[in-house]
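S.K.: Can you keep this structure in mind? I'll have questions shortly.
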Amino acid sequence: MNIIVCAKQVVDVAEIKVDSSTKKPILVGVPQKISDMDKNALEEAIKIKEKHGGKITILTIGAPDAKERMKELLAMGADEGVLIPPPEHADYHVIAHLLAGAIKKIGSYDIIFCGEASIDMFSGQMGPRIAGLLNIPQITYAQKVTVEQNKVVAERNLGEKAVIIESPFPVLITVTKEINQPRLPSLMAILASSSKPIHEWPATGVTSEALIPKLQTMDIKGIPMQRKNIIYQNDLDQSVGKLVDELAKVGVLR
Amino acid sequence: MVLVYSDEKKLTLELLNKATELAKELHKKVIAVSIGHDEYATEYLEHGADLVIVAETPQHQFKAEEYTSILQSIMKEHRNEIVLIGSNKNGKELAGRLAAKLDAGCVIDCTKVYIHDKKLTTERIVYSGNAIAVEQFTSPPQIVTIPSKVFDPLPKNPQHKGEIIKKKFESESSPSKILKVHEMKSEGVNVEDAQIIVSCGRGFKKKEDIKLVSELADVLKGRTVGCSRPIAADLKWLSEDHWIGLSGHKVKPKLYVACGISGQIQHIAGMRDSGVIVAINKDPEALIFKSADYGIVGDLYEVLPKLTSAIRGKLG
């Protein structure tokens with residue numbers, strides 16, 4: 001079973017502070033990490049490898065410092081990594097072509113795992129894009145994955161409904177946060193991971209096409225939040241009374 | 001052309017509002033696509049579509065590979081520069097795959113879509129609710145997904161006429177197979193349509209205590225209980241249809257009461273568009289107060305019974 005896990009290095013969104021005057025997020029100096037659901041994707045790949053054997057390759061498009069983060073994934077249980085620096089101008093279209101190009105170059109694969117979305121942009125289009133470019137079936141929002149002989153059976157979480165779907169290999173699967181609990185690597189595993197290779201490939205090595213972004217980011221704006229912020233905190237009975245009067249006044253009690 | 005598609009009728013009607021506005025500005029026509037359902041066609045015309053294409057297909061269950069190829073065939077016949085897709089989970093995976101097939105730009109979960117400098121421009125929430133990304137397409141085709149409730153449907157206009165085409169389109173068949181569809185554990189709540197929501201979070205000590213929230217919801221005649229991530233995803237005290245937040249449901253009721261919810265940005269992202277927001281939390285520093293119109297600092301076990309009875313008294 002050859003498995004490729006696409007992993008993205010992102011800013012840790014929980015650590016983002018907002019500039020109080022401009023309301024814009026301060027992104028400089030925010031710690032980086034591997035996007036949460038990408039770790040779920042790797043955990044699922046490791047479980048499959050433990051049962052069926054095979055090889056797990058981590059694929060990342062990112063700056064050179066992503067190598068440090070990729071080492072954590074090797075320590076968790078991946079076998080090797082491929083790191084490709086992003087071109088100066090990139091959007092989903094460009095990155096998807098690089099990922100698909102790299103996957104073709106890796107060559108042999110049964111399952112490609114992605115997180116359902118990355119925690120920074122939360123778009124969730126990368127998995128379906130890769131599947132589209134490779135022309136293979138896609139199973140998104142998987143909350144359960146079982147590998148059987150010659151096929152995989154997965155349960156998609158659609159909120160109100162769950163869809164059980166099976167697919168032959170190769171297949172691309174995106175996973176939700178609920179699918180598993182990613183393991184923490186042991187010290188031994190961390191030490192052993194230093195001998196696992198991370199290959200650095202240039203973007204030009206995986207696609208010969210000139211990739212032009214279809215989308216330009218014009219601005220990252222702050223979010224204005226104008227609320228009254230009337231907080232009652234003294235006598236409880238009085239507070240409750242005042243709140244009820246206010247709610248009646250603004251017309252939400254009927 | 002501006003093409004509209006969702007597998008949900010309601011969402012399609014909402015998208016038609018935006019589509020007709022864009023089409024008017026760009027002097028284009030609106031096409032609504034229905035895959036497999038001809039019973040919606042007239043309604044789509046009455047809500048602004050100039051042409052409804054009913055794609056006849058033996059494939060009645062949604063599968064991204066097949067639905068993508070149907071939309072691709074339609075787009076080959078009708079030059080569509082803008083494609084609006086309803087942003088449910090099926091819609092998002094469809095949009096991504098379609099974008100790859102067409103080498104197109106795609107923006108997911110847009111809350112604003114407009115023309116700026118003659119270019120299609122979108123806004124969406126990023127960085128876990130901390131910012132809005134303003135993005136602009138550089139070339140067509142342009143794919144945008146829009147969540148439910150961002151736009152209201154236009155009022156029905158029986159005078160609005162258009163054409164209905166029923167047709168079979170070439171579509172590739174996918175090697176994957178749907179084995180079964182079953183309902184997820186659900187209590188049949190629809191938070192997205194609720195006008196009044198009372199929500200609970202980690203401030204509750206045990207599952208039984210959630211009745212304090214449902215009692216308040218009842219007297220507010222909302223009867224809708226929401227919750228933050230830990231209650232649905234980790235503790236599983238309530239089913240996921242109650243979950244409000246970035247990965248749960250996005251809501252915009254007239255009144256939102258957050259009880260024992262700290263106000264993580266992921267939760268705020270799901271309820272920030274509510275009319276009036278009330279927060280109850282014992283921690284005066286809780287983030288939720290920054291996003292609230294009214295707040296009571298206090299132990300919810302004391303506050304909720306008093307609030308419920310005060311409102312009951314007020315309403316008589």
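Each chain in the structure tokens gets a letter, A, B, ..., in the order shown, and its residues are numbered from 1; ligands are numbered from 1 in order too.
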Counting only C-alpha atoms, which residues of region 118-152 of chain A sit at most 12 Å from some atom of region 144-150 of chain B, and what is each one's closest atom pair with its distance in Å to one decimal, listed by chain and rising residue number, as a tab-separated table?

M.R.:
```
residue	atom	partner	partner_atom	distance
A:Ser123	CA	B:Thr145	CA	10.1
A:Gly124	CA	B:Thr145	CA	11.5
A:Gln125	CA	B:Thr145	CA	10.7
```

S.K.: Would you save the residues of that selection, restricted to C-alpha atoms, as a PDB file, in the first residue's frame?

M.R.:
```pdb
ATOM      1  CA  SER A 123     -11.137  26.269   1.798  1.00  0.00           C
ATOM      2  CA  GLY A 124     -11.026  22.505   1.304  1.00  0.00           C
ATOM      3  CA  GLN A 125     -10.560  22.686  -2.449  1.00  0.00           C
TER       4      GLN A 125
END
```

S.K.: When the cut-off is 6 Å and we count only C-alpha atoms, which residues of chain B are near chain A, given as number ranges by chain?

M.R.: B: 93, 96-97, 100-101, 105, 108, 126-127, 131-138, 176-184, 292-297, 307

S.K.: Determine which residues of region 31-161 of chain A receive a DSSP assignment of helix (DSSP H, G or I), computed from the backbone, and state them as a PyMOL selection string.

M.R.: chain A and resi 36-52+66-76+92-106+126-134

S.K.: Go ahead and write the residues just picked, C-alpha atoms, as a PDB file, in the first residue's frame.

M.R.:
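Here's the written file again.pdb:
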```pdb
ATOM      1  CA  ASP A  36      -4.341  19.926  12.216  1.00  0.00           C
ATOM      2  CA  MET A  37      -6.357  17.794   9.818  1.00  0.00           C
ATOM      3  CA  ASP A  38      -3.236  16.968   7.805  1.00  0.00           C
ATOM      4  CA  LYS A  39      -1.978  15.233  10.940  1.00  0.00           C
ATOM      5  CA  ASN A  40      -5.250  13.310  11.117  1.00  0.00           C
ATOM      6  CA  ALA A  41      -4.603  12.348   7.487  1.00  0.00           C
ATOM      7  CA  LEU A  42      -1.140  11.046   8.385  1.00  0.00           C
ATOM      8  CA  GLU A  43      -2.447   9.180  11.445  1.00  0.00           C
ATOM      9  CA  GLU A  44      -4.966   7.386   9.238  1.00  0.00           C
ATOM     10  CA  ALA A  45      -2.195   6.527   6.769  1.00  0.00           C
ATOM     11  CA  ILE A  46      -0.025   5.118   9.570  1.00  0.00           C
ATOM     12  CA  LYS A  47      -2.888   2.940  10.832  1.00  0.00           C
ATOM     13  CA  ILE A  48      -3.339   1.521   7.348  1.00  0.00           C
ATOM     14  CA  LYS A  49       0.390   0.918   6.976  1.00  0.00           C
ATOM     15  CA  GLU A  50       0.512  -0.866  10.345  1.00  0.00           C
ATOM     16  CA  LYS A  51      -2.158  -3.265   9.130  1.00  0.00           C
ATOM     17  CA  HIS A  52      -1.328  -3.682   5.469  1.00  0.00           C
ATOM     18  CA  ALA A  66       8.741  23.598   6.610  1.00  0.00           C
ATOM     19  CA  LYS A  67      11.426  20.892   6.749  1.00  0.00           C
ATOM     20  CA  GLU A  68      11.487  21.179  10.532  1.00  0.00           C
ATOM     21  CA  ARG A  69       7.736  20.590  10.698  1.00  0.00           C
ATOM     22  CA  MET A  70       7.985  17.695   8.252  1.00  0.00           C
ATOM     23  CA  LYS A  71      10.434  15.984  10.609  1.00  0.00           C
ATOM     24  CA  GLU A  72       7.607  15.754  13.169  1.00  0.00           C
ATOM     25  CA  LEU A  73       5.577  13.851  10.587  1.00  0.00           C
ATOM     26  CA  LEU A  74       8.469  11.492   9.861  1.00  0.00           C
ATOM     27  CA  ALA A  75       8.754  10.903  13.609  1.00  0.00           C
ATOM     28  CA  MET A  76       5.049  10.081  13.752  1.00  0.00           C
ATOM     29  CA  TYR A  92      -4.962  27.127  -5.445  1.00  0.00           C
ATOM     30  CA  HIS A  93      -4.685  26.447  -9.159  1.00  0.00           C
ATOM     31  CA  VAL A  94      -0.886  26.728  -9.132  1.00  0.00           C
ATOM     32  CA  ILE A  95      -0.372  24.736  -5.921  1.00  0.00           C
ATOM     33  CA  ALA A  96      -2.753  21.981  -7.079  1.00  0.00           C
ATOM     34  CA  HIS A  97      -0.752  21.567 -10.296  1.00  0.00           C
ATOM     35  CA  LEU A  98       2.493  21.344  -8.318  1.00  0.00           C
ATOM     36  CA  LEU A  99       1.039  18.757  -5.934  1.00  0.00           C
ATOM     37  CA  ALA A 100      -0.436  16.709  -8.770  1.00  0.00           C
ATOM     38  CA  GLY A 101       2.838  16.980 -10.695  1.00  0.00           C
ATOM     39  CA  ALA A 102       4.813  15.821  -7.677  1.00  0.00           C
ATOM     40  CA  ILE A 103       2.425  12.918  -7.107  1.00  0.00           C
ATOM     41  CA  LYS A 104       2.901  11.817 -10.718  1.00  0.00           C
ATOM     42  CA  LYS A 105       6.660  12.041 -10.224  1.00  0.00           C
ATOM     43  CA  ILE A 106       6.474   9.958  -7.034  1.00  0.00           C
ATOM     44  CA  MET A 126      -7.044  21.253  -2.665  1.00  0.00           C
ATOM     45  CA  GLY A 127      -8.038  17.596  -2.248  1.00  0.00           C
ATOM     46  CA  PRO A 128     -10.793  17.700  -4.902  1.00  0.00           C
ATOM     47  CA  ARG A 129      -8.499  19.689  -7.216  1.00  0.00           C
ATOM     48  CA  ILE A 130      -5.724  17.088  -6.984  1.00  0.00           C
ATOM     49  CA  ALA A 131      -8.218  14.265  -7.580  1.00  0.00           C
ATOM     50  CA  GLY A 132      -9.573  16.176 -10.580  1.00  0.00           C
ATOM     51  CA  LEU A 133      -6.136  16.749 -12.079  1.00  0.00           C
ATOM     52  CA  LEU A 134      -5.145  13.114 -11.579  1.00  0.00           C
TER      53      LEU A 134
END
```

S.K.: Quick check, in Å to one decimal: how far apart do CA of Arg124 (chain B) and CA of Cys110 (chain B) lie?

M.R.: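 CA of Arg124 (chain B) sits 4.6 Å away from CA of Cys110 (chain B).
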
S.K.: Write out as a PDB file with C-alpha atoms, in the first residue's frame which residues come within 9 Å of Asn80 (chain B) when counting only C-alpha atoms, dropping same-chain ones fewer than 2 positions away.

M.R.:
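What ended up in result.pdb:
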```pdb
ATOM      1  CA  MET B   1     -23.491  33.653 -18.640  1.00  0.00           C
ATOM      2  CA  VAL B   2     -23.765  33.261 -14.899  1.00  0.00           C
ATOM      3  CA  LEU B   3     -24.413  29.650 -13.925  1.00  0.00           C
ATOM      4  CA  ILE B  31     -28.616  29.777 -16.111  1.00  0.00           C
ATOM      5  CA  ILE B  74     -23.020  22.201 -19.810  1.00  0.00           C
ATOM      6  CA  MET B  75     -20.234  24.752 -19.662  1.00  0.00           C
ATOM      7  CA  LYS B  76     -18.878  23.537 -22.977  1.00  0.00           C
ATOM      8  CA  GLU B  77     -22.211  24.345 -24.625  1.00  0.00           C
ATOM      9  CA  HIS B  78     -22.931  27.598 -22.830  1.00  0.00           C
ATOM     10  CA  ILE B  82     -19.162  32.897 -13.572  1.00  0.00           C
ATOM     11  CA  VAL B  83     -20.285  29.792 -11.723  1.00  0.00           C
ATOM     12  CA  PRO B 140     -12.652  33.314 -16.456  1.00  0.00           C
ATOM     13  CA  PRO B 141     -14.086  30.842 -15.746  1.00  0.00           C
ATOM     14  CA  GLN B 142     -14.601  31.914 -12.165  1.00  0.00           C
TER      15      GLN B 142
END
```

S.K.: If you measure from CA of Asn157 (chain B) to CA of Ala41 (chain B), what distance in Å do you get, rounded to one decimal?

M.R.: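 Pair CA of Asn157 (chain B) / CA of Ala41 (chain B) returns 13.6 Å.
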
S.K.: List the neighbours of Arg312 (chain B) out to 10 Å using only C-alpha atoms; skip same-chain residues closer than 6 positions along the sequence, and give me the result as an NGL selection string.

M.R.: :B and (216 or 218-220 or 306)

S.K.: Within 8 Å of Ile280 (chain B), counting only C-alpha atoms, which residues qualify if same-chain residues fewer than 6 places away don't, as a PyMOL selection string?

M.R.: chain B and resi 257-261+295-300+303

S.K.: Grab the CA of Pro31 (chain A) to CA of Glu15 (chain A) distance for me, in Å with one decimal place.

M.R.: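 Atom-to-atom, CA of Pro31 (chain A) and CA of Glu15 (chain A) are spaced 7.3 Å apart.
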
S.K.: Rank nothing, just name the residue among B:Ala49, B:Leu235, B:Ile244, B:Ala286 nearest to Pro158 (chain B), using only C-alpha atoms.

M.R.: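 Closest to Pro158 (chain B), using only C-alpha atoms: B:Ala49.
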
S.K.: May I ask which of the residues A:Val28, A:Ile111, A:Ile173, A:Pro85 is the closest one to Gly205 (chain A), counting only C-alpha atoms?

M.R.: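 So, comparing all the options, the nearest one is A:Pro85.
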
S.K.: Give the answer as one residue: which of B:Asp152, B:Gly86, B:Ile143, B:Leu26 has the shortest atom-to-atom distance to Ile115 (chain B), using only C-alpha atoms?

M.R.: B:Leu26

S.K.: What residues in region 48-282 of chain B get the DSSP label strand (DSSP E or B)? Please answer as number ranges by chain.

M.R.: B: 51-56, 82-86, 105-107, 112-116, 119-126, 131-137, 142-146, 163-168, 177-183, 196-200, 224-227, 243-244, 249, 255-259, 276-281

S.K.: Restricting the output to C-alpha atoms, write the selected residues as a tab-separated table (two decimals), in the first residue's frame.

M.R.:
```
chain	number	residue	atom	x	y	z
B	51	LEU	CA	-32.71	29.48	-18.60
B	52	VAL	CA	-33.09	26.34	-16.54
B	53	ILE	CA	-31.15	23.32	-17.68
B	54	VAL	CA	-32.45	20.07	-16.27
B	55	ALA	CA	-29.71	17.53	-16.69
B	56	GLU	CA	-31.32	14.13	-16.97
B	82	ILE	CA	-19.16	32.90	-13.57
B	83	VAL	CA	-20.28	29.79	-11.72
B	84	LEU	CA	-22.01	30.12	-8.35
B	85	ILE	CA	-22.24	26.89	-6.37
B	86	GLY	CA	-24.07	26.34	-3.09
B	105	GLY	CA	-9.89	30.01	-10.03
B	106	CYS	CA	-12.21	29.08	-7.21
B	107	VAL	CA	-13.12	30.76	-3.94
B	112	LYS	CA	-19.56	38.91	-0.51
B	113	VAL	CA	-19.34	38.75	-4.28
B	114	TYR	CA	-19.13	41.88	-6.43
B	115	ILE	CA	-17.55	43.49	-9.46
B	116	HIS	CA	-14.67	45.81	-8.67
B	119	LYS	CA	-13.19	42.09	-12.07
B	120	LEU	CA	-15.12	39.56	-10.06
B	121	THR	CA	-14.15	40.10	-6.44
B	122	THR	CA	-14.94	38.01	-3.41
B	123	GLU	CA	-14.66	38.23	0.34
B	124	ARG	CA	-14.48	35.36	2.75
B	125	ILE	CA	-13.50	34.72	6.33
B	126	VAL	CA	-10.02	33.28	6.87
B	131	ALA	CA	-9.74	38.25	9.05
B	132	ILE	CA	-11.44	38.68	5.70
B	133	ALA	CA	-9.56	37.82	2.51
B	134	VAL	CA	-10.44	40.01	-0.46
B	135	GLU	CA	-9.63	38.11	-3.63
B	136	GLN	CA	-9.99	38.97	-7.29
B	137	PHE	CA	-10.18	36.68	-10.29
B	142	GLN	CA	-14.60	31.91	-12.16
B	143	ILE	CA	-16.05	29.58	-9.57
B	144	VAL	CA	-17.46	30.83	-6.31
B	145	THR	CA	-19.23	28.89	-3.57
B	146	ILE	CA	-21.68	30.66	-1.28
B	163	GLU	CA	-36.69	28.72	-21.10
B	164	ILE	CA	-36.47	25.21	-19.70
B	165	ILE	CA	-34.23	22.70	-21.45
B	166	LYS	CA	-34.30	19.04	-20.46
B	167	LYS	CA	-31.34	17.18	-21.76
B	168	LYS	CA	-29.04	14.26	-21.24
B	177	LYS	CA	-19.81	3.23	-5.49
B	178	ILE	CA	-22.21	4.57	-2.86
B	179	LEU	CA	-23.13	1.66	-0.61
B	180	LYS	CA	-25.42	3.28	1.88
B	181	VAL	CA	-26.71	6.61	3.10
B	182	HIS	CA	-27.84	6.84	6.67
B	183	GLU	CA	-29.00	9.62	8.94
B	196	ILE	CA	-33.86	32.44	18.58
B	197	ILE	CA	-31.03	30.23	19.77
B	198	VAL	CA	-29.78	29.51	23.27
B	199	SER	CA	-26.37	27.84	23.24
B	200	CYS	CA	-24.28	26.01	25.78
B	224	THR	CA	-33.65	25.86	19.66
B	225	VAL	CA	-30.58	24.78	21.51
B	226	GLY	CA	-27.13	25.31	20.06
B	227	CYS	CA	-23.70	24.47	21.39
B	243	TRP	CA	-22.99	22.65	16.77
B	244	ILE	CA	-22.45	26.31	15.95
B	249	HIS	CA	-23.31	25.48	11.51
B	255	LEU	CA	-31.40	36.63	19.33
B	256	TYR	CA	-28.42	34.50	20.30
B	257	VAL	CA	-27.81	33.65	23.95
B	258	ALA	CA	-24.40	32.10	24.70
B	259	CYS	CA	-24.27	30.38	28.09
B	276	VAL	CA	-28.68	40.59	19.30
B	277	ILE	CA	-26.04	38.61	21.16
B	278	VAL	CA	-26.32	37.93	24.90
B	279	ALA	CA	-23.52	36.24	26.86
B	280	ILE	CA	-23.62	34.62	30.26
B	281	ASN	CA	-20.28	33.63	31.75
```

S.K.: Using only C-alpha atoms for the distances, tell me which of A:Asp110, A:Lys249, A:Gly77, A:Glu88 is nearest to Pro185 (chain A).

M.R.: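 Answer, going by the shortest atom-to-atom distance: A:Gly77.
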